[in-house]
Amino acid sequence: MDEAFWHAKWQRNEIGFHEPQPNPLLTNHFAALHLPARARVFVPLCGKSRDIHWLLERGYQVVGIELSPIAVTQLFAELDLTPRISTVGQLQRFEAAGLCIFVGNIFDLTREELGPVDAVYDRAALIALPALVRAQYAVHLVSITRAAPELVVCMEYDQSRKAGPPFCVDEQALRHYYAQTFSLTCIARQPIPGGLKGVCPAVESVWIMMPRDGMRTKA
């Protein structure tokens with residue numbers, strides 16, 4: 001993962017990927033995970049996403065990890081929360097009122113530090129990573145979450161027309177990363193209005209990934 005690239009994005013406030021409202025693909029489809037009240041949801045590479053506001057407002061506990069301390073500081077400020085800050089291994093941990101965000105590289109986060117989670121919401125992590133790192137990320141994510149069910153948003157477009165990020169992750173790629181661990185079901189597909197930054201047509205797809213029998217205990 002190119003840490004300098006993402007740190008520079010936040011330092012220059014070049015955050016066109018940040019959405020001012022909760023993502024409709026979350027609000028329309030999160031219920032498909034059938035989570036209990038107060039479930040603990042992991043949001044990798046979370047930025048200061050408004051999706052976190054939406055999850056907290058519905059009573060979920062949220063745990064995330066984000067590389068940029070700028071993003072995390074802004075997230076807590078926008079939620080009007082004062083975090084307790086501690087050092088955990090190679091990471092910092094910000095905590096307040098049902099929200100826990102680790103600051104640092106996701107590959108430095110262990111399953112013990114993360115703790116048990118009931119589900120993963122991945123809208124902007126998988127597609128933010130180049131192919132080699134993406135494969136490593138998928139293995140690491142399964143391990144630290146003990147193969148928790150996932151709601152994943154992917155993007156599909158002609159990668160030769162536009163360099164990422166975001167990167168194209170189609171069904172074949174998603175199954176390559178996860179099919180041994182999860183049963184994958186596409187629950188929605190929709191074109192992105194105007195395509196990818198006006199360069200080429202693009203489609204977003206929403207997937208529910210449920211662990212295969214025994215995989216939660218093996219991960």
# chains A, B, ... in the order shown; residues from 1 in each chain; ligands from 1
>>> select_by_dssp(residues="range 109-175 of chain A", states="strand (DSSP E or B)", output="ChimeraX atom specification")
/A:119-122,150-157
>>> write_last_selection(atoms="N, CA and C atoms", output="PDB file, in the first residue's frame")
ATOM      1  N   ALA A 119     -19.512  -8.426  11.357  1.00  0.00           N
ATOM      2  CA  ALA A 119     -19.596  -8.249   9.909  1.00  0.00           C
ATOM      3  C   ALA A 119     -18.563  -7.231   9.472  1.00  0.00           C
ATOM      4  N   VAL A 120     -18.306  -7.231   8.158  1.00  0.00           N
ATOM      5  CA  VAL A 120     -17.404  -6.274   7.522  1.00  0.00           C
ATOM      6  C   VAL A 120     -18.191  -5.523   6.461  1.00  0.00           C
ATOM      7  N   TYR A 121     -18.010  -4.205   6.416  1.00  0.00           N
ATOM      8  CA  TYR A 121     -18.569  -3.389   5.343  1.00  0.00           C
ATOM      9  C   TYR A 121     -17.405  -2.796   4.580  1.00  0.00           C
ATOM     10  N   ASP A 122     -17.216  -3.256   3.341  1.00  0.00           N
ATOM     11  CA  ASP A 122     -16.086  -2.835   2.527  1.00  0.00           C
ATOM     12  C   ASP A 122     -16.606  -2.129   1.280  1.00  0.00           C
ATOM     13  N   GLU A 150     -19.518 -10.398   5.005  1.00  0.00           N
ATOM     14  CA  GLU A 150     -19.155  -9.098   4.440  1.00  0.00           C
ATOM     15  C   GLU A 150     -20.228  -8.578   3.491  1.00  0.00           C
ATOM     16  N   LEU A 151     -20.411  -7.263   3.518  1.00  0.00           N
ATOM     17  CA  LEU A 151     -21.101  -6.536   2.459  1.00  0.00           C
ATOM     18  C   LEU A 151     -20.010  -5.782   1.708  1.00  0.00           C
ATOM     19  N   VAL A 152     -19.824  -6.113   0.433  1.00  0.00           N
ATOM     20  CA  VAL A 152     -18.728  -5.565  -0.357  1.00  0.00           C
ATOM     21  C   VAL A 152     -19.282  -4.833  -1.571  1.00  0.00           C
ATOM     22  N   VAL A 153     -18.781  -3.650  -1.812  1.00  0.00           N
ATOM     23  CA  VAL A 153     -19.134  -2.884  -3.008  1.00  0.00           C
ATOM     24  C   VAL A 153     -17.936  -2.905  -3.951  1.00  0.00           C
ATOM     25  N   CYS A 154     -18.164  -3.375  -5.168  1.00  0.00           N
ATOM     26  CA  CYS A 154     -17.105  -3.444  -6.175  1.00  0.00           C
ATOM     27  C   CYS A 154     -17.396  -2.493  -7.322  1.00  0.00           C
ATOM     28  N   MET A 155     -16.368  -2.211  -8.087  1.00  0.00           N
ATOM     29  CA  MET A 155     -16.500  -1.352  -9.255  1.00  0.00           C
ATOM     30  C   MET A 155     -15.934  -2.091 -10.469  1.00  0.00           C
ATOM     31  N   GLU A 156     -16.661  -2.016 -11.589  1.00  0.00           N
ATOM     32  CA  GLU A 156     -16.235  -2.689 -12.809  1.00  0.00           C
ATOM     33  C   GLU A 156     -16.178  -1.671 -13.946  1.00  0.00           C
ATOM     34  N   TYR A 157     -15.029  -1.660 -14.638  1.00  0.00           N
ATOM     35  CA  TYR A 157     -14.863  -0.791 -15.801  1.00  0.00           C
ATOM     36  C   TYR A 157     -13.641  -1.275 -16.564  1.00  0.00           C
TER      37      TYR A 157
END
>>> closest_atom_pairs(of="range 114-150 of chain A", to="range 35-51 of chain A", cutoff="10 Å", atoms="only C-alpha atoms", output="JSON lines")
{"residue": "A:Leu114", "atom": "CA", "partner": "A:Phe42", "partner_atom": "CA", "distance": 8.8}
{"residue": "A:Gly115", "atom": "CA", "partner": "A:Arg40", "partner_atom": "CA", "distance": 9.6}
{"residue": "A:Pro116", "atom": "CA", "partner": "A:Arg40", "partner_atom": "CA", "distance": 7.7}
{"residue": "A:Val117", "atom": "CA", "partner": "A:Arg40", "partner_atom": "CA", "distance": 5.1}
{"residue": "A:Asp118", "atom": "CA", "partner": "A:Arg40", "partner_atom": "CA", "distance": 5.3}
{"residue": "A:Ala119", "atom": "CA", "partner": "A:Val41", "partner_atom": "CA", "distance": 5.0}
{"residue": "A:Val120", "atom": "CA", "partner": "A:Phe42", "partner_atom": "CA", "distance": 4.7}
{"residue": "A:Tyr121", "atom": "CA", "partner": "A:Val43", "partner_atom": "CA", "distance": 5.2}
{"residue": "A:Asp122", "atom": "CA", "partner": "A:Val43", "partner_atom": "CA", "distance": 6.1}
{"residue": "A:Arg123", "atom": "CA", "partner": "A:Val43", "partner_atom": "CA", "distance": 8.3}
{"residue": "A:Ala124", "atom": "CA", "partner": "A:Leu45", "partner_atom": "CA", "distance": 6.9}
{"residue": "A:Ala125", "atom": "CA", "partner": "A:Leu45", "partner_atom": "CA", "distance": 5.3}
{"residue": "A:Leu126", "atom": "CA", "partner": "A:Pro44", "partner_atom": "CA", "distance": 8.9}
{"residue": "A:Ala128", "atom": "CA", "partner": "A:Leu45", "partner_atom": "CA", "distance": 8.8}
{"residue": "A:Leu141", "atom": "CA", "partner": "A:Pro44", "partner_atom": "CA", "distance": 8.7}
{"residue": "A:Thr145", "atom": "CA", "partner": "A:Phe42", "partner_atom": "CA", "distance": 8.2}
{"residue": "A:Ala148", "atom": "CA", "partner": "A:Phe42", "partner_atom": "CA", "distance": 9.3}
{"residue": "A:Pro149", "atom": "CA", "partner": "A:Leu35", "partner_atom": "CA", "distance": 9.7}
{"residue": "A:Glu150", "atom": "CA", "partner": "A:Phe42", "partner_atom": "CA", "distance": 9.2}
>>> write_last_selection(atoms="N, CA, C and O atoms", output="compact mmCIF listing (two decimals), in the first residue's frame")
# COMPACT_ATOMS: atom_id res chain seq x y z
N LEU A 114 -8.00 -6.12 16.98
CA LEU A 114 -9.31 -5.81 16.41
C LEU A 114 -10.43 -6.31 17.30
O LEU A 114 -11.43 -5.61 17.53
N GLY A 115 -10.30 -7.52 17.81
CA GLY A 115 -11.35 -8.12 18.62
C GLY A 115 -12.45 -8.69 17.73
O GLY A 115 -12.43 -8.54 16.51
N PRO A 116 -13.44 -9.36 18.33
CA PRO A 116 -14.50 -9.99 17.55
C PRO A 116 -15.33 -8.97 16.79
O PRO A 116 -15.65 -7.90 17.31
N VAL A 117 -15.67 -9.28 15.55
CA VAL A 117 -16.59 -8.47 14.76
C VAL A 117 -17.66 -9.37 14.18
O VAL A 117 -17.43 -10.55 13.91
N ASP A 118 -18.85 -8.80 14.00
CA ASP A 118 -19.98 -9.56 13.47
C ASP A 118 -20.08 -9.48 11.95
O ASP A 118 -20.68 -10.35 11.32
N ALA A 119 -19.51 -8.43 11.36
CA ALA A 119 -19.60 -8.25 9.91
C ALA A 119 -18.56 -7.23 9.47
O ALA A 119 -18.03 -6.46 10.27
N VAL A 120 -18.31 -7.23 8.16
CA VAL A 120 -17.40 -6.27 7.52
C VAL A 120 -18.19 -5.52 6.46
O VAL A 120 -18.96 -6.13 5.70
N TYR A 121 -18.01 -4.21 6.42
CA TYR A 121 -18.57 -3.39 5.34
C TYR A 121 -17.41 -2.80 4.58
O TYR A 121 -16.67 -1.95 5.09
N ASP A 122 -17.22 -3.26 3.34
CA ASP A 122 -16.09 -2.83 2.53
C ASP A 122 -16.61 -2.13 1.28
O ASP A 122 -16.99 -2.77 0.31
N ARG A 123 -16.64 -0.80 1.33
CA ARG A 123 -17.07 -0.03 0.16
C ARG A 123 -15.89 0.57 -0.59
O ARG A 123 -15.94 0.75 -1.80
N ALA A 124 -14.82 0.87 0.12
CA ALA A 124 -13.75 1.64 -0.50
C ALA A 124 -12.36 1.11 -0.20
O ALA A 124 -11.38 1.80 -0.45
N ALA A 125 -12.26 -0.10 0.33
CA ALA A 125 -10.95 -0.66 0.65
C ALA A 125 -10.44 -1.55 -0.48
O ALA A 125 -9.38 -1.30 -1.04
N LEU A 126 -11.19 -2.57 -0.82
CA LEU A 126 -10.75 -3.52 -1.84
C LEU A 126 -10.43 -2.81 -3.15
O LEU A 126 -9.41 -3.07 -3.78
N ALA A 128 -9.56 0.19 -3.60
CA ALA A 128 -8.53 1.23 -3.47
C ALA A 128 -7.12 0.67 -3.63
O ALA A 128 -6.17 1.44 -3.73
N LEU A 141 -7.62 -9.73 5.74
CA LEU A 141 -8.94 -9.37 6.25
C LEU A 141 -9.69 -10.60 6.76
O LEU A 141 -10.30 -10.57 7.83
N THR A 145 -10.59 -10.89 10.87
CA THR A 145 -12.03 -10.85 11.20
C THR A 145 -12.61 -12.23 11.45
O THR A 145 -13.81 -12.36 11.68
N ALA A 148 -15.58 -13.09 9.07
CA ALA A 148 -16.90 -12.51 9.34
C ALA A 148 -17.63 -12.24 8.02
O ALA A 148 -17.01 -11.95 7.00
N PRO A 149 -18.97 -12.34 8.01
CA PRO A 149 -19.74 -12.00 6.80
C PRO A 149 -19.41 -10.60 6.32
O PRO A 149 -19.09 -9.72 7.13
N GLU A 150 -19.52 -10.40 5.01
CA GLU A 150 -19.15 -9.10 4.44
C GLU A 150 -20.23 -8.58 3.49
O GLU A 150 -20.85 -9.35 2.76
>>> select_by_dssp(residues="range 60-155 of chain A", states="alpha helix (DSSP H)", output="VMD selection string")
chain A and resid 69 to 78 111 to 114 131 to 144
>>> residues_around(residues="Leu196 in chain A", least_positions_apart="2", cutoff="12 Å", atoms="only C-alpha atoms", output="list in words")
Phe17, Met155, Glu156, Tyr157, Asp158, Gln159, Arg161, Lys162, Ala163, Gly164, Pro165, Pro166, Phe167, Cys168, Pro191, Ile192, Pro193, Gly194, Gly198, Val199, Cys200, Pro201, Ala202, Val203 and Glu204 of chain A
>>> closest_residue(among="A:Tyr60, A:Phe107, A:Phe5, A:Trp54", to="Val142 in chain A", atoms="only C-alpha atoms")
A:Phe107
>>> atom_distance(atom1="CA of Thr82 in chain A", atom2="CA of Leu55 in chain A")
18.4 Å
>>> atom_distance(atom1="CA of Arg216 in chain A", atom2="CA of Ala96 in chain A")
28.3 Å
>>> residues_around(residues="Gln90 in chain A", least_positions_apart="4", cutoff="9 Å", atoms="only C-alpha atoms", output="list in words")
Gly104, Asn105, Asp108 and Leu109 of chain A
